[in-house]
$ cat start_33.pdb   # PDB, C-alpha atoms
ATOM      1  CA  MET U   1       0.000   0.000   0.000
ATOM      2  CA  VAL U   2       1.212   3.466  -0.897
ATOM      3  CA  ASN U   3      -0.312   6.560   0.721
ATOM      4  CA  ARG U   4      -0.200   9.623  -1.519
ATOM      5  CA  SER U   5      -2.683  11.592   0.534
ATOM      6  CA  ILE U   6      -2.378  15.363   0.820
ATOM      7  CA  GLY U   7      -4.070  17.047   3.764
ATOM      8  CA  ALA U   8      -6.968  19.349   2.828
ATOM      9  CA  THR U   9      -7.014  18.122  -0.769
ATOM     10  CA  ARG U  10     -10.249  18.226  -2.709
ATOM     11  CA  LEU U  11     -11.586  16.058  -5.497
ATOM     12  CA  LEU U  12     -12.670  18.825  -7.861
ATOM     13  CA  THR U  13     -10.743  22.017  -7.113
ATOM     14  CA  SER U  14      -7.004  22.667  -7.315
ATOM     15  CA  TYR U  15      -5.149  25.500  -5.631
ATOM     16  CA  PRO U  16      -1.559  26.624  -6.345
ATOM     17  CA  ASP U  17       0.040  24.355  -3.723
ATOM     18  CA  LEU U  18      -2.842  21.923  -3.336
ATOM     19  CA  PRO U  19      -3.678  19.932  -6.470
ATOM     20  CA  SER U  20      -7.040  18.199  -6.651
ATOM     21  CA  SER U  21      -7.340  14.428  -6.537
ATOM     22  CA  LEU U  22      -8.543  14.487 -10.144
ATOM     23  CA  SER U  23      -5.509  16.444 -11.324
ATOM     24  CA  ARG U  24      -3.005  14.186  -9.586
ATOM     25  CA  LEU U  25      -4.519  10.744 -10.169
ATOM     26  CA  GLN U  26      -2.062   9.910 -12.937
ATOM     27  CA  ALA U  27       1.075  11.098 -11.126
ATOM     28  CA  ASP U  28       0.216   9.932  -7.618
ATOM     29  CA  GLY U  29      -1.784   6.807  -8.377
ATOM     30  CA  LEU U  30      -1.816   5.353 -11.827
ATOM     31  CA  SER U  31       1.915   5.784 -12.459
ATOM     32  CA  ILE U  32       2.910   3.653  -9.461
ATOM     33  CA  PRO U  33       4.254   0.309 -10.716
ATOM     34  CA  GLY U  34       1.921  -2.551  -9.848
ATOM     35  CA  VAL U  35      -0.975  -0.393  -8.706
ATOM     36  CA  HIS U  36      -4.269  -2.231  -9.007
ATOM     37  CA  ARG U  37      -6.588  -0.117  -6.851
ATOM     38  CA  VAL U  38      -6.931   3.473  -5.678
ATOM     39  CA  ILE U  39      -8.972   4.532  -2.662
ATOM     40  CA  LEU U  40     -10.635   7.926  -2.910
ATOM     41  CA  THR U  41     -11.290   9.630   0.441
ATOM     42  CA  ASP U  42     -11.707  13.129   1.871
ATOM     43  CA  ILE U  43     -14.372  14.251  -0.580
ATOM     44  CA  ILE U  44     -15.952  16.097   2.351
ATOM     45  CA  ASN U  45     -13.369  18.820   1.676
ATOM     46  CA  ASP U  46     -15.209  19.749  -1.526
ATOM     47  CA  ILE U  47     -18.247  20.576   0.597
ATOM     48  CA  GLN U  48     -16.755  22.095   3.746
ATOM     49  CA  ALA U  49     -13.910  24.139   2.236
ATOM     50  CA  VAL U  50     -14.396  27.513   0.567
ATOM     51  CA  PRO U  51     -15.570  27.745  -2.138
ATOM     52  CA  HIS U  52     -18.146  25.174  -1.123
ATOM     53  CA  GLU U  53     -19.422  22.684  -3.687
ATOM     54  CA  TYR U  54     -23.060  22.093  -2.779
ATOM     55  CA  ARG U  55     -24.094  20.351  -5.985
ATOM     56  CA  ALA U  56     -24.145  16.615  -5.337
ATOM     57  CA  ALA U  57     -24.323  15.992  -9.086
ATOM     58  CA  GLU U  58     -20.974  17.783  -9.572
ATOM     59  CA  ILE U  59     -19.287  15.738  -6.861
ATOM     60  CA  LEU U  60     -20.718  12.501  -8.259
ATOM     61  CA  ALA U  61     -19.577  13.490 -11.758
ATOM     62  CA  GLY U  62     -16.078  14.049 -10.354
ATOM     63  CA  ILE U  63     -16.103  10.611  -8.736
ATOM     64  CA  ARG U  64     -17.221   9.089 -12.055
ATOM     65  CA  CYS U  65     -14.445  10.905 -13.913
ATOM     66  CA  PHE U  66     -11.854   9.730 -11.379
ATOM     67  CA  ALA U  67     -13.076   6.124 -11.598
ATOM     68  CA  ASP U  68     -13.297   6.204 -15.407
ATOM     69  CA  GLU U  69      -9.706   7.417 -15.695
ATOM     70  CA  ALA U  70      -8.525   4.715 -13.311
ATOM     71  CA  ARG U  71     -10.545   2.025 -15.097
ATOM     72  CA  ALA U  72      -9.079   3.071 -18.456
ATOM     73  CA  ALA U  73      -5.659   2.336 -16.938
ATOM     74  CA  GLY U  74      -6.847  -1.044 -15.632
ATOM     75  CA  VAL U  75      -7.057   0.179 -12.031
ATOM     76  CA  LEU U  76     -10.025  -0.329  -9.705
ATOM     77  CA  THR U  77     -11.474   2.471  -7.572
ATOM     78  CA  THR U  78     -12.843   2.275  -4.048
ATOM     79  CA  VAL U  79     -14.650   5.378  -2.787
ATOM     80  CA  ALA U  80     -15.205   6.233   0.873
ATOM     81  CA  THR U  81     -18.527   7.785   1.801
ATOM     82  CA  LEU U  82     -18.348  11.352   3.038
ATOM     83  CA  THR U  83     -17.799  11.584   6.758
ATOM     84  CA  PRO U  84     -19.835  13.679   9.197
ATOM     85  CA  TYR U  85     -18.699  17.202  10.030
ATOM     86  CA  GLY U  86     -21.502  18.628  12.170
ATOM     87  CA  GLY U  87     -20.077  21.021  14.760
ATOM     88  CA  PHE U  88     -17.138  21.973  12.518
ATOM     89  CA  ASP U  89     -16.962  25.737  11.985
ATOM     90  CA  ARG U  90     -17.856  25.482   8.272
ATOM     91  CA  TRP U  91     -20.753  23.029   8.699
ATOM     92  CA  ASP U  92     -24.073  24.237   7.367
ATOM     93  CA  PRO U  93     -27.408  22.615   6.479
ATOM     94  CA  THR U  94     -26.875  22.959   2.719
ATOM     95  CA  GLY U  95     -23.525  21.195   2.915
ATOM     96  CA  GLU U  96     -25.036  18.495   5.108
ATOM     97  CA  GLN U  97     -27.785  17.893   2.555
ATOM     98  CA  THR U  98     -25.150  17.560  -0.168
ATOM     99  CA  ARG U  99     -23.177  15.073   1.962
ATOM    100  CA  VAL U 100     -26.310  13.001   2.562
ATOM    101  CA  GLU U 101     -27.195  13.025  -1.163
ATOM    102  CA  VAL U 102     -23.701  11.964  -2.254
ATOM    103  CA  ASN U 103     -23.620   9.174   0.329
ATOM    104  CA  ALA U 104     -27.069   7.939  -0.695
ATOM    105  CA  ALA U 105     -25.967   7.789  -4.331
ATOM    106  CA  LEU U 106     -22.790   5.903  -3.423
ATOM    107  CA  ARG U 107     -24.677   3.414  -1.250
ATOM    108  CA  ALA U 108     -27.282   2.890  -3.995
ATOM    109  CA  ALA U 109     -24.495   2.097  -6.483
ATOM    110  CA  GLU U 110     -25.460   5.061  -8.661
ATOM    111  CA  VAL U 111     -21.785   5.476  -9.493
ATOM    112  CA  THR U 112     -21.039   2.374 -11.512
ATOM    113  CA  GLY U 113     -17.634   0.784 -11.589
ATOM    114  CA  VAL U 114     -16.610   1.708  -8.048
ATOM    115  CA  ASN U 115     -16.624  -0.146  -4.782
ATOM    116  CA  VAL U 116     -17.723   1.728  -1.684
ATOM    117  CA  VAL U 117     -16.470   1.647   1.894
ATOM    118  CA  ASP U 118     -18.878   3.305   4.295
ATOM    119  CA  PHE U 119     -16.741   5.622   6.427
ATOM    120  CA  ASP U 120     -19.880   7.575   7.339
ATOM    121  CA  ALA U 121     -21.513   4.496   8.900
ATOM    122  CA  VAL U 122     -18.416   3.883  11.035
ATOM    123  CA  LEU U 123     -17.911   7.448  12.253
ATOM    124  CA  ALA U 124     -21.439   8.882  12.514
ATOM    125  CA  ASP U 125     -23.027   9.332  15.919
ATOM    126  CA  PRO U 126     -26.345   7.406  15.734
ATOM    127  CA  ALA U 127     -28.006  10.040  17.946
ATOM    128  CA  HIS U 128     -26.679  12.906  15.754
ATOM    129  CA  PRO U 129     -25.836  11.515  12.271
ATOM    130  CA  SER U 130     -24.363  14.794  11.048
ATOM    131  CA  ARG U 131     -21.670  14.524  13.750
ATOM    132  CA  ILE U 132     -18.751  12.210  14.405
ATOM    133  CA  LEU U 133     -19.327   9.817  17.293
ATOM    134  CA  PRO U 134     -17.696  11.496  20.337
ATOM    135  CA  ALA U 135     -15.434   8.467  20.911
ATOM    136  CA  PHE U 136     -14.017   8.970  17.387
ATOM    137  CA  ASP U 137     -13.916  12.805  17.241
ATOM    138  CA  SER U 138     -10.523  14.528  17.367
ATOM    139  CA  GLY U 139     -12.225  17.553  18.861
ATOM    140  CA  ASP U 140     -12.504  19.650  15.705
ATOM    141  CA  HIS U 141     -15.627  17.761  14.545
ATOM    142  CA  LEU U 142     -14.089  17.097  11.118
ATOM    143  CA  HIS U 143     -11.180  14.725  11.653
ATOM    144  CA  PRO U 144     -11.363  11.376  13.441
ATOM    145  CA  ASN U 145      -9.042  10.784  16.382
ATOM    146  CA  ASP U 146      -6.707   7.783  16.606
ATOM    147  CA  ALA U 147      -9.575   5.461  17.594
ATOM    148  CA  GLY U 148     -11.627   6.718  14.654
ATOM    149  CA  GLN U 149      -8.714   6.293  12.260
ATOM    150  CA  SER U 150      -8.202   2.769  13.588
ATOM    151  CA  ALA U 151     -11.895   1.958  13.051
ATOM    152  CA  LEU U 152     -11.644   3.199   9.452
ATOM    153  CA  ALA U 153      -8.471   1.154   8.879
ATOM    154  CA  ASP U 154     -10.237  -1.932  10.248
ATOM    155  CA  LEU U 155     -13.149  -1.330   7.886
ATOM    156  CA  VAL U 156     -10.841  -1.036   4.877
ATOM    157  CA  ALA U 157      -8.760  -4.072   5.918
ATOM    158  CA  GLY U 158     -11.875  -6.223   6.238
ATOM    159  CA  SER U 159     -13.758  -4.794   3.286
ATOM    160  CA  ALA U 160     -15.064  -6.912   0.452
ATOM    161  CA  ALA U 161     -14.729  -3.721  -1.614
ATOM    162  CA  LEU U 162     -11.002  -4.391  -1.742
ATOM    163  CA  CYS U 163     -11.180  -8.003  -2.868
TER     164      CYS U 163
END
$ encode --input "start_33.pdb" --output "structure tokens"
Amino acid sequence: MVNRSIGATRLLTSYPDLPSSLSRLQADGLSIPGVHRVILTDIINDIQAVPHEYRAAEILAGIRCFADEARAAGVLTTVATLTPYGGFDRWDPTGEQTRVEVNAALRAAEVTGVNVVDFDAVLADPAHPSRILPAFDSGDHLHPNDAGQSALADLVAGSAALC
């Protein structure tokens, strides 16, 4: 496994020192010798970061584009559902609705050719689904703590989406 993650990266939007996942798929994923799968995470940044992307259709189109490019190179794509961020300083109801719509589409297999790991189901507080479970919250209400990261790693390690 190779981790080419960049903190605060987004799927759709690049910034001068922060290229989008779409723009770096070839260099950071598909060009790695022997790669057979890429895992796309952190799509929540498209919603919570400014400028906010509140159109679920745009995010889903970006996921499709990412997966299509990978598939054309013979590489499989696994997509993580968007994690809760209620309580984070940039949370708002419109962004939450977008997150819920994207996750529903992923769970319903509306994005063909990808496997899905449900990070949202692992991290969400059942009493407050827009928030990270307190036992997994780092305190900023956006990032999981070590226990949350471990729970996500366990999900990925045991996931049929990676077989």
$ closest_atom_pairs --input "start_33.pdb" --of "range 96-131 of chain U" --to "range 60-67 of chain U" --cutoff "10 Å" --atoms "only C-alpha atoms" --output "Markdown table"
| residue | atom | partner | partner_atom | distance |
| --- | --- | --- | --- | --- |
| U:Glu101 | CA | U:Leu60 | CA | 9.6 |
| U:Val102 | CA | U:Leu60 | CA | 6.7 |
| U:Asn103 | CA | U:Leu60 | CA | 9.7 |
| U:Ala105 | CA | U:Leu60 | CA | 8.1 |
| U:Leu106 | CA | U:Leu60 | CA | 8.4 |
| U:Glu110 | CA | U:Leu60 | CA | 8.8 |
| U:Val111 | CA | U:Arg64 | CA | 6.4 |
| U:Thr112 | CA | U:Arg64 | CA | 7.7 |
| U:Gly113 | CA | U:Ala67 | CA | 7.0 |
| U:Val114 | CA | U:Ala67 | CA | 6.7 |
| U:Asn115 | CA | U:Ala67 | CA | 9.9 |
$ resolve_selection --input "start_33.pdb" --expression "the PyMOL selection byres ((chain U and resi 30) around 12)" --output "VMD selection string"
chain U and resid 2 4 21 to 29 31 to 39 66 to 67 69 to 77
$ resolve_selection --input "start_33.pdb" --expression "the PyMOL selection byres ((chain U and resi 42-46) around 8)" --output "JSON, numbers by chain"
{"U": [8, 9, 10, 11, 12, 13, 40, 41, 47, 48, 49, 52, 53, 59, 80, 82, 83, 99]}
$ closest_residue --input "start_33.pdb" --among "U:Ala147, U:Pro129, U:Ala108, U:Val79" --to "Glu96 in chain U" --atoms "all atoms listed in the file"
U:Pro129
$ resolve_selection --input "start_33.pdb" --expression "the PyMOL selection byres ((chain U and resi 137) around 10)" --output "number ranges by chain"
U: 85, 123-125, 131-136, 138-149
$ write_last_selection --input "start_33.pdb" --atoms "C-alpha atoms" --output "mmCIF file, keeping the file's coordinate frame"
data_model
loop_
_atom_site.group_PDB
_atom_site.id
_atom_site.type_symbol
_atom_site.label_atom_id
_atom_site.label_comp_id
_atom_site.auth_asym_id
_atom_site.auth_seq_id
_atom_site.Cartn_x
_atom_site.Cartn_y
_atom_site.Cartn_z
ATOM 1 C CA TYR U 85 -18.699 17.202 10.030
ATOM 2 C CA LEU U 123 -17.911 7.448 12.253
ATOM 3 C CA ALA U 124 -21.439 8.882 12.514
ATOM 4 C CA ASP U 125 -23.027 9.332 15.919
ATOM 5 C CA ARG U 131 -21.670 14.524 13.750
ATOM 6 C CA ILE U 132 -18.751 12.210 14.405
ATOM 7 C CA LEU U 133 -19.327 9.817 17.293
ATOM 8 C CA PRO U 134 -17.696 11.496 20.337
ATOM 9 C CA ALA U 135 -15.434 8.467 20.911
ATOM 10 C CA PHE U 136 -14.017 8.970 17.387
ATOM 11 C CA SER U 138 -10.523 14.528 17.367
ATOM 12 C CA GLY U 139 -12.225 17.553 18.861
ATOM 13 C CA ASP U 140 -12.504 19.650 15.705
ATOM 14 C CA HIS U 141 -15.627 17.761 14.545
ATOM 15 C CA LEU U 142 -14.089 17.097 11.118
ATOM 16 C CA HIS U 143 -11.180 14.725 11.653
ATOM 17 C CA PRO U 144 -11.363 11.376 13.441
ATOM 18 C CA ASN U 145 -9.042 10.784 16.382
ATOM 19 C CA ASP U 146 -6.707 7.783 16.606
ATOM 20 C CA ALA U 147 -9.575 5.461 17.594
ATOM 21 C CA GLY U 148 -11.627 6.718 14.654
ATOM 22 C CA GLN U 149 -8.714 6.293 12.260
#
$ closest_residue --input "start_33.pdb" --among "U:Ala104, U:Ser5, U:Ala109, U:Pro84" --to "Pro126 in chain U" --atoms "all atoms listed in the file"
U:Pro84
$ atom_distance --input "start_33.pdb" --atom1 "CA of Gly87 in chain U" --atom2 "CA of Ser130 in chain U"
8.4 Å
$ closest_residue --input "start_33.pdb" --among "U:Ala127, U:Leu18, U:Ala57, U:Val116" --to "Ser159 in chain U" --atoms "all atoms listed in the file"
U:Val116
$ atom_distance --input "start_33.pdb" --atom1 "CA of Asp92 in chain U" --atom2 "CA of Pro19 in chain U"
25.0 Å
$ decode --input "start_33.pdb" --residues "range 23-118 of chain U" --atoms "C-alpha atoms" --output "compact mmCIF listing (two decimals), in the first residue's frame"
# COMPACT_ATOMS: atom_id res chain seq x y z
CA SER U 23 -5.51 16.44 -11.32
CA ARG U 24 -3.01 14.19 -9.59
CA LEU U 25 -4.52 10.74 -10.17
CA GLN U 26 -2.06 9.91 -12.94
CA ALA U 27 1.07 11.10 -11.13
CA ASP U 28 0.22 9.93 -7.62
CA GLY U 29 -1.78 6.81 -8.38
CA LEU U 30 -1.82 5.35 -11.83
CA SER U 31 1.92 5.78 -12.46
CA ILE U 32 2.91 3.65 -9.46
CA PRO U 33 4.25 0.31 -10.72
CA GLY U 34 1.92 -2.55 -9.85
CA VAL U 35 -0.98 -0.39 -8.71
CA HIS U 36 -4.27 -2.23 -9.01
CA ARG U 37 -6.59 -0.12 -6.85
CA VAL U 38 -6.93 3.47 -5.68
CA ILE U 39 -8.97 4.53 -2.66
CA LEU U 40 -10.64 7.93 -2.91
CA THR U 41 -11.29 9.63 0.44
CA ASP U 42 -11.71 13.13 1.87
CA ILE U 43 -14.37 14.25 -0.58
CA ILE U 44 -15.95 16.10 2.35
CA ASN U 45 -13.37 18.82 1.68
CA ASP U 46 -15.21 19.75 -1.53
CA ILE U 47 -18.25 20.58 0.60
CA GLN U 48 -16.75 22.09 3.75
CA ALA U 49 -13.91 24.14 2.24
CA VAL U 50 -14.40 27.51 0.57
CA PRO U 51 -15.57 27.75 -2.14
CA HIS U 52 -18.15 25.17 -1.12
CA GLU U 53 -19.42 22.68 -3.69
CA TYR U 54 -23.06 22.09 -2.78
CA ARG U 55 -24.09 20.35 -5.98
CA ALA U 56 -24.15 16.61 -5.34
CA ALA U 57 -24.32 15.99 -9.09
CA GLU U 58 -20.97 17.78 -9.57
CA ILE U 59 -19.29 15.74 -6.86
CA LEU U 60 -20.72 12.50 -8.26
CA ALA U 61 -19.58 13.49 -11.76
CA GLY U 62 -16.08 14.05 -10.35
CA ILE U 63 -16.10 10.61 -8.74
CA ARG U 64 -17.22 9.09 -12.06
CA CYS U 65 -14.45 10.90 -13.91
CA PHE U 66 -11.85 9.73 -11.38
CA ALA U 67 -13.08 6.12 -11.60
CA ASP U 68 -13.30 6.20 -15.41
CA GLU U 69 -9.71 7.42 -15.69
CA ALA U 70 -8.53 4.72 -13.31
CA ARG U 71 -10.55 2.02 -15.10
CA ALA U 72 -9.08 3.07 -18.46
CA ALA U 73 -5.66 2.34 -16.94
CA GLY U 74 -6.85 -1.04 -15.63
CA VAL U 75 -7.06 0.18 -12.03
CA LEU U 76 -10.02 -0.33 -9.70
CA THR U 77 -11.47 2.47 -7.57
CA THR U 78 -12.84 2.28 -4.05
CA VAL U 79 -14.65 5.38 -2.79
CA ALA U 80 -15.21 6.23 0.87
CA THR U 81 -18.53 7.79 1.80
CA LEU U 82 -18.35 11.35 3.04
CA THR U 83 -17.80 11.58 6.76
CA PRO U 84 -19.84 13.68 9.20
CA TYR U 85 -18.70 17.20 10.03
CA GLY U 86 -21.50 18.63 12.17
CA GLY U 87 -20.08 21.02 14.76
CA PHE U 88 -17.14 21.97 12.52
CA ASP U 89 -16.96 25.74 11.98
CA ARG U 90 -17.86 25.48 8.27
CA TRP U 91 -20.75 23.03 8.70
CA ASP U 92 -24.07 24.24 7.37
CA PRO U 93 -27.41 22.61 6.48
CA THR U 94 -26.87 22.96 2.72
CA GLY U 95 -23.52 21.20 2.91
CA GLU U 96 -25.04 18.49 5.11
CA GLN U 97 -27.79 17.89 2.56
CA THR U 98 -25.15 17.56 -0.17
CA ARG U 99 -23.18 15.07 1.96
CA VAL U 100 -26.31 13.00 2.56
CA GLU U 101 -27.19 13.03 -1.16
CA VAL U 102 -23.70 11.96 -2.25
CA ASN U 103 -23.62 9.17 0.33
CA ALA U 104 -27.07 7.94 -0.70
CA ALA U 105 -25.97 7.79 -4.33
CA LEU U 106 -22.79 5.90 -3.42
CA ARG U 107 -24.68 3.41 -1.25
CA ALA U 108 -27.28 2.89 -3.99
CA ALA U 109 -24.50 2.10 -6.48
CA GLU U 110 -25.46 5.06 -8.66
CA VAL U 111 -21.78 5.48 -9.49
CA THR U 112 -21.04 2.37 -11.51
CA GLY U 113 -17.63 0.78 -11.59
CA VAL U 114 -16.61 1.71 -8.05
CA ASN U 115 -16.62 -0.15 -4.78
CA VAL U 116 -17.72 1.73 -1.68
CA VAL U 117 -16.47 1.65 1.89
CA ASP U 118 -18.88 3.30 4.30
